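Student: The file below is protein_30.cif, mmCIF, N, CA, C and O atoms:
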data_work
#
loop_
_atom_site.label_atom_id
_atom_site.label_comp_id
_atom_site.auth_asym_id
_atom_site.auth_seq_id
_atom_site.Cartn_x
_atom_site.Cartn_y
_atom_site.Cartn_z
N MET H 1133 160.57 -32.15 174.69
CA MET H 1133 160.16 -31.27 175.79
C MET H 1133 158.67 -31.45 176.02
O MET H 1133 157.87 -31.31 175.11
N GLY H 1134 158.27 -31.78 177.23
CA GLY H 1134 156.86 -31.90 177.56
C GLY H 1134 156.31 -30.54 177.94
O GLY H 1134 156.95 -29.51 177.75
N TRP H 1135 155.12 -30.54 178.48
CA TRP H 1135 154.55 -29.29 178.97
C TRP H 1135 155.42 -28.75 180.08
O TRP H 1135 155.90 -29.49 180.91
N GLN H 1136 155.60 -27.46 180.08
CA GLN H 1136 156.36 -26.81 181.14
C GLN H 1136 155.48 -25.73 181.75
O GLN H 1136 154.94 -24.90 181.05
N ASP H 1137 155.30 -25.78 183.07
CA ASP H 1137 154.52 -24.75 183.74
C ASP H 1137 155.30 -23.44 183.75
O ASP H 1137 156.51 -23.44 183.91
N ILE H 1138 154.59 -22.35 183.59
CA ILE H 1138 155.19 -21.02 183.68
C ILE H 1138 154.70 -20.41 184.98
O ILE H 1138 153.49 -20.34 185.23
N ASP H 1139 155.61 -19.97 185.81
CA ASP H 1139 155.24 -19.39 187.09
C ASP H 1139 154.65 -18.00 186.92
O ASP H 1139 155.14 -17.19 186.13
N LEU H 1140 153.59 -17.73 187.67
CA LEU H 1140 153.02 -16.40 187.72
C LEU H 1140 153.67 -15.65 188.87
O LEU H 1140 153.89 -16.22 189.94
N SER H 1141 153.96 -14.38 188.65
CA SER H 1141 154.57 -13.60 189.72
C SER H 1141 153.56 -13.33 190.82
O SER H 1141 152.38 -13.63 190.69
N SER H 1142 154.02 -12.75 191.90
CA SER H 1142 153.12 -12.47 193.02
C SER H 1142 152.05 -11.44 192.64
O SER H 1142 151.03 -11.33 193.31
N THR H 1143 152.27 -10.70 191.55
CA THR H 1143 151.29 -9.72 191.09
C THR H 1143 150.41 -10.29 189.97
O THR H 1143 149.74 -9.56 189.27
N ASN H 1144 150.44 -11.63 189.81
CA ASN H 1144 149.65 -12.33 188.79
C ASN H 1144 150.00 -11.88 187.37
O ASN H 1144 149.14 -11.81 186.51
N ARG H 1145 151.27 -11.63 187.14
CA ARG H 1145 151.73 -11.29 185.79
C ARG H 1145 152.47 -12.49 185.22
O ARG H 1145 153.19 -13.18 185.92
N LEU H 1146 152.28 -12.71 183.93
CA LEU H 1146 152.97 -13.79 183.24
C LEU H 1146 154.35 -13.28 182.83
O LEU H 1146 154.47 -12.35 182.06
N GLU H 1147 155.38 -13.91 183.39
CA GLU H 1147 156.74 -13.49 183.11
C GLU H 1147 157.60 -14.71 182.80
O GLU H 1147 157.53 -15.70 183.51
N PHE H 1148 158.38 -14.62 181.72
CA PHE H 1148 159.36 -15.66 181.43
C PHE H 1148 160.52 -15.05 180.67
O PHE H 1148 160.39 -14.02 180.02
N ASP H 1149 161.67 -15.69 180.78
CA ASP H 1149 162.89 -15.21 180.13
C ASP H 1149 162.92 -15.72 178.69
O ASP H 1149 162.94 -16.93 178.46
N MET H 1150 162.95 -14.82 177.73
CA MET H 1150 162.95 -15.19 176.32
C MET H 1150 164.17 -16.04 175.95
O MET H 1150 164.12 -16.81 175.00
N MET H 1151 165.24 -15.92 176.69
CA MET H 1151 166.46 -16.68 176.39
C MET H 1151 166.36 -18.13 176.89
O MET H 1151 167.13 -18.97 176.47
N GLU H 1152 165.40 -18.42 177.75
CA GLU H 1152 165.27 -19.77 178.31
C GLU H 1152 164.19 -20.61 177.64
O GLU H 1152 164.06 -21.79 177.96
N ILE H 1153 163.41 -20.03 176.73
CA ILE H 1153 162.36 -20.80 176.07
C ILE H 1153 162.80 -21.17 174.66
O ILE H 1153 163.70 -20.55 174.09
N PRO H 1154 162.18 -22.20 174.07
CA PRO H 1154 162.54 -22.59 172.70
C PRO H 1154 162.25 -21.46 171.71
O PRO H 1154 161.37 -20.62 171.94
N SER H 1155 162.96 -21.46 170.59
CA SER H 1155 162.78 -20.39 169.60
C SER H 1155 161.42 -20.48 168.92
O SER H 1155 160.90 -19.48 168.43
N SER H 1156 160.84 -21.66 168.87
CA SER H 1156 159.52 -21.85 168.28
C SER H 1156 158.66 -22.61 169.28
O SER H 1156 158.87 -23.79 169.52
N CYS H 1157 157.69 -21.90 169.87
CA CYS H 1157 156.88 -22.53 170.91
C CYS H 1157 155.49 -21.90 170.95
O CYS H 1157 155.23 -20.90 170.29
N VAL H 1158 154.63 -22.51 171.74
CA VAL H 1158 153.28 -22.00 171.94
C VAL H 1158 153.04 -21.88 173.45
O VAL H 1158 153.51 -22.71 174.22
N VAL H 1159 152.34 -20.83 173.85
CA VAL H 1159 151.98 -20.63 175.25
C VAL H 1159 150.46 -20.75 175.33
O VAL H 1159 149.73 -20.08 174.61
N VAL H 1160 149.97 -21.64 176.21
CA VAL H 1160 148.54 -21.86 176.39
C VAL H 1160 148.17 -21.37 177.79
O VAL H 1160 148.81 -21.75 178.77
N ILE H 1161 147.13 -20.53 177.87
CA ILE H 1161 146.69 -19.97 179.14
C ILE H 1161 145.23 -20.35 179.36
O ILE H 1161 144.40 -20.17 178.47
N CYS H 1162 144.93 -20.89 180.54
CA CYS H 1162 143.56 -21.25 180.89
C CYS H 1162 143.43 -21.30 182.40
O CYS H 1162 144.29 -21.87 183.08
N ASP H 1163 142.39 -20.71 182.93
CA ASP H 1163 142.09 -20.74 184.37
C ASP H 1163 143.25 -20.25 185.23
O ASP H 1163 143.57 -20.84 186.26
N GLY H 1164 143.93 -19.22 184.80
CA GLY H 1164 145.02 -18.67 185.59
C GLY H 1164 146.29 -19.48 185.57
O GLY H 1164 147.22 -19.21 186.30
N LYS H 1165 146.35 -20.49 184.71
CA LYS H 1165 147.55 -21.32 184.56
C LYS H 1165 148.10 -21.12 183.15
O LYS H 1165 147.34 -20.94 182.20
N ALA H 1166 149.41 -21.16 183.03
CA ALA H 1166 150.06 -21.04 181.73
C ALA H 1166 151.04 -22.17 181.55
O ALA H 1166 151.74 -22.56 182.47
N LYS H 1167 151.08 -22.73 180.33
CA LYS H 1167 152.02 -23.79 180.00
C LYS H 1167 152.64 -23.49 178.65
O LYS H 1167 152.01 -22.88 177.79
N ILE H 1168 153.88 -23.94 178.47
CA ILE H 1168 154.61 -23.70 177.23
C ILE H 1168 154.99 -25.03 176.61
O ILE H 1168 155.27 -25.99 177.31
N ARG H 1169 154.97 -25.09 175.27
CA ARG H 1169 155.31 -26.32 174.56
C ARG H 1169 156.13 -25.98 173.32
O ARG H 1169 155.77 -25.09 172.56
N GLU H 1170 157.26 -26.68 173.15
CA GLU H 1170 158.08 -26.49 171.96
C GLU H 1170 157.38 -27.10 170.76
O GLU H 1170 156.79 -28.18 170.85
N LEU H 1171 157.43 -26.42 169.62
CA LEU H 1171 156.80 -26.93 168.41
C LEU H 1171 157.77 -27.81 167.64
O LEU H 1171 158.97 -27.52 167.60
N PRO H 1172 157.27 -28.90 167.03
CA PRO H 1172 158.14 -29.79 166.26
C PRO H 1172 158.49 -29.14 164.91
O PRO H 1172 157.80 -28.22 164.46
N PRO H 1173 159.53 -29.64 164.25
CA PRO H 1173 159.90 -29.08 162.95
C PRO H 1173 158.79 -29.23 161.90
O PRO H 1173 158.58 -28.34 161.08
N PHE H 1174 158.07 -30.36 161.95
CA PHE H 1174 156.95 -30.60 161.04
C PHE H 1174 155.83 -31.23 161.86
O PHE H 1174 156.08 -32.11 162.66
N GLY H 1175 154.62 -30.78 161.67
CA GLY H 1175 153.50 -31.37 162.39
C GLY H 1175 152.44 -30.33 162.69
O GLY H 1175 152.46 -29.22 162.19
N GLU H 1176 151.48 -30.73 163.52
CA GLU H 1176 150.43 -29.80 163.91
C GLU H 1176 149.98 -30.10 165.34
O GLU H 1176 150.13 -31.22 165.83
N TYR H 1177 149.47 -29.08 165.99
CA TYR H 1177 148.90 -29.20 167.32
C TYR H 1177 147.45 -28.77 167.26
O TYR H 1177 147.12 -27.82 166.57
N ARG H 1178 146.62 -29.45 167.98
CA ARG H 1178 145.22 -29.07 168.10
C ARG H 1178 144.92 -28.88 169.58
O ARG H 1178 145.18 -29.77 170.38
N ILE H 1179 144.36 -27.76 169.90
CA ILE H 1179 143.96 -27.50 171.28
C ILE H 1179 142.50 -27.91 171.41
O ILE H 1179 141.64 -27.38 170.71
N VAL H 1180 142.25 -28.86 172.28
CA VAL H 1180 140.90 -29.39 172.49
C VAL H 1180 140.30 -28.69 173.70
O VAL H 1180 140.90 -28.68 174.78
N THR H 1181 139.12 -28.10 173.52
CA THR H 1181 138.46 -27.39 174.61
C THR H 1181 137.12 -28.04 174.93
O THR H 1181 136.54 -28.75 174.11
N HIS H 1182 136.65 -27.78 176.14
CA HIS H 1182 135.34 -28.24 176.57
C HIS H 1182 134.78 -27.18 177.50
O HIS H 1182 135.42 -26.82 178.49
N GLU H 1183 133.61 -26.67 177.16
CA GLU H 1183 132.95 -25.63 177.93
C GLU H 1183 133.87 -24.42 178.16
O GLU H 1183 133.95 -23.87 179.25
N GLY H 1184 134.60 -24.06 177.12
CA GLY H 1184 135.45 -22.87 177.19
C GLY H 1184 136.76 -23.04 177.94
O GLY H 1184 137.45 -22.07 178.20
N LYS H 1185 137.12 -24.27 178.26
CA LYS H 1185 138.36 -24.54 178.98
C LYS H 1185 139.22 -25.51 178.19
O LYS H 1185 138.70 -26.40 177.51
N VAL H 1186 140.52 -25.36 178.28
CA VAL H 1186 141.45 -26.25 177.59
C VAL H 1186 141.44 -27.60 178.29
O VAL H 1186 141.65 -27.68 179.50
N LYS H 1187 141.16 -28.65 177.56
CA LYS H 1187 141.15 -30.01 178.11
C LYS H 1187 142.45 -30.74 177.79
O LYS H 1187 143.01 -31.42 178.61
N ARG H 1188 142.91 -30.64 176.55
CA ARG H 1188 144.15 -31.31 176.15
C ARG H 1188 144.66 -30.70 174.84
O ARG H 1188 143.96 -29.96 174.18
N MET H 1189 145.87 -31.07 174.51
CA MET H 1189 146.48 -30.62 173.27
C MET H 1189 146.96 -31.85 172.51
O MET H 1189 147.73 -32.64 173.04
N ARG H 1190 146.47 -32.01 171.31
CA ARG H 1190 146.84 -33.17 170.50
C ARG H 1190 147.98 -32.79 169.56
O ARG H 1190 147.97 -31.73 168.95
N ARG H 1191 148.91 -33.72 169.43
CA ARG H 1191 150.11 -33.46 168.63
C ARG H 1191 150.24 -34.51 167.54
O ARG H 1191 150.13 -35.71 167.81
N GLU H 1192 150.46 -34.05 166.32
CA GLU H 1192 150.75 -34.95 165.21
C GLU H 1192 152.03 -34.46 164.55
O GLU H 1192 152.16 -33.30 164.24
N GLU H 1193 152.97 -35.38 164.41
CA GLU H 1193 154.24 -35.02 163.80
C GLU H 1193 154.40 -35.72 162.47
O GLU H 1193 153.80 -36.75 162.22
N GLY H 1194 155.21 -35.16 161.63
CA GLY H 1194 155.50 -35.74 160.33
C GLY H 1194 156.84 -35.24 159.85
O GLY H 1194 157.53 -34.50 160.54
N GLU H 1195 157.20 -35.64 158.67
CA GLU H 1195 158.44 -35.14 158.08
C GLU H 1195 158.27 -35.12 156.57
O GLU H 1195 157.43 -35.83 156.01
N GLU H 1196 159.08 -34.30 155.92
CA GLU H 1196 159.00 -34.19 154.46
C GLU H 1196 159.42 -35.52 153.83
O GLU H 1196 160.31 -36.19 154.32
N PHE H 1197 158.75 -35.90 152.73
CA PHE H 1197 159.07 -37.14 152.05
C PHE H 1197 160.05 -36.87 150.93
O PHE H 1197 159.99 -35.93 150.25
#
As structure tokens, please, write out the structure in this file.

Tutor:
Amino acid sequence: MGWQDIDLSSTNRLEFDMMEIPSSCVVVICDGKAKIRELPPFGEYRIVTHEGKVKRMRREEGEEF
């Protein structure tokens, strides 16, 4: 699953259906935009910012040996 945009309602409220999103995910909000990303079973994400704004999200995956 790649980044998925989350629609803001006409009243600028963040709304999403809990039944439609992954059970383990992260929501990133910046500049009035929201995106959701499913988390992998093993790994880490780093949110890279510049001047107080989200620039990118780095993903590293792994598995138990």

Student: How big is the axis-aligned box around the listed atoms of segment 1182-1192 of chain H once 5 Å is added on each side, and where is its centre? Give both in Å to one decimal, as AutoDock Vina command-line options.

Tutor:
--center_x 142.6 --center_y -28.9 --center_z 171.9 --size_x 29.2 --size_y 23.6 --size_z 25.3

Student: Atom C of Arg1169 of chain H to atom C of Ser1155 of chain H: how many Å, to one decimal?

Tutor: 8.8 Å

Student: I'd like the residues picked by the PyMOL selection byres ((chain H and resi 1175) around 4.5) written out as a short mmCIF file (atom, residue, chain, number, x, y, z; two decimals) with N, CA, C and O atoms, in the frame of the given file, using the chain letters and numbers from the file.

Tutor:
data_model
loop_
_atom_site.label_atom_id
_atom_site.label_comp_id
_atom_site.auth_asym_id
_atom_site.auth_seq_id
_atom_site.Cartn_x
_atom_site.Cartn_y
_atom_site.Cartn_z
N PRO H 1173 159.53 -29.64 164.25
CA PRO H 1173 159.90 -29.08 162.95
C PRO H 1173 158.79 -29.23 161.90
O PRO H 1173 158.58 -28.34 161.08
N PHE H 1174 158.07 -30.36 161.95
CA PHE H 1174 156.95 -30.60 161.04
C PHE H 1174 155.83 -31.23 161.86
O PHE H 1174 156.08 -32.11 162.66
N GLU H 1176 151.48 -30.73 163.52
CA GLU H 1176 150.43 -29.80 163.91
C GLU H 1176 149.98 -30.10 165.34
O GLU H 1176 150.13 -31.22 165.83
N GLU H 1192 150.46 -34.05 166.32
CA GLU H 1192 150.75 -34.95 165.21
C GLU H 1192 152.03 -34.46 164.55
O GLU H 1192 152.16 -33.30 164.24
N GLU H 1193 152.97 -35.38 164.41
CA GLU H 1193 154.24 -35.02 163.80
C GLU H 1193 154.40 -35.72 162.47
O GLU H 1193 153.80 -36.75 162.22
N GLY H 1194 155.21 -35.16 161.63
CA GLY H 1194 155.50 -35.74 160.33
C GLY H 1194 156.84 -35.24 159.85
O GLY H 1194 157.53 -34.50 160.54
#

Student: What gap, in Å, lies between atom O of Asn1144 of chain H and atom CA of Lys1167 of chain H?

Tutor: 13.9 Å

Student: Enter the distance from atom N of Arg1190 of chain H to atom C of Leu1146 of chain H, in Å, rounded to one decimal.

Tutor: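 According to the coordinates, atom N of Arg1190 of chain H and atom C of Leu1146 of chain H are separated by 23.4 Å.
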
Student: Between H:Met1189, H:Glu1195, H:Met1150, H:Cys1157, which has the minimum distance to Tyr1177 of chain H (counting all atoms listed in the file)?

Tutor: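 Answer, going by the shortest atom-to-atom distance: H:Met1189.
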
Student: Using the chain letters and numbering of this document, enumerate as a ChimeraX atom specification the residues selected by the PyMOL selection byres (((chain H and resi 1166 and name CA) around 8) and name CA).

Tutor: /H:1137-1139,1146,1159-1162,1164-1165,1167-1168

Student: Which one is closest to Ser1156 of chain H: H:Val1186, H:Leu1171, H:Thr1143, H:Arg1191? Count all atoms listed in the file.

Tutor: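 Using all atoms listed in the file, the shortest distance to Ser1156 of chain H belongs to H:Leu1171.
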
Student: Write out as a list in words all residues of segment 1139-1170 of chain H that backbone DSSP assigns to strand (DSSP E).

Tutor: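 Assigned to strand (DSSP E), within segment 1139-1170 of chain H: Cys1157, Val1158, Val1159, Val1160, Ile1161, Cys1162, Lys1165, Ala1166, Lys1167, Ile1168, Arg1169 and Glu1170 of chain H.
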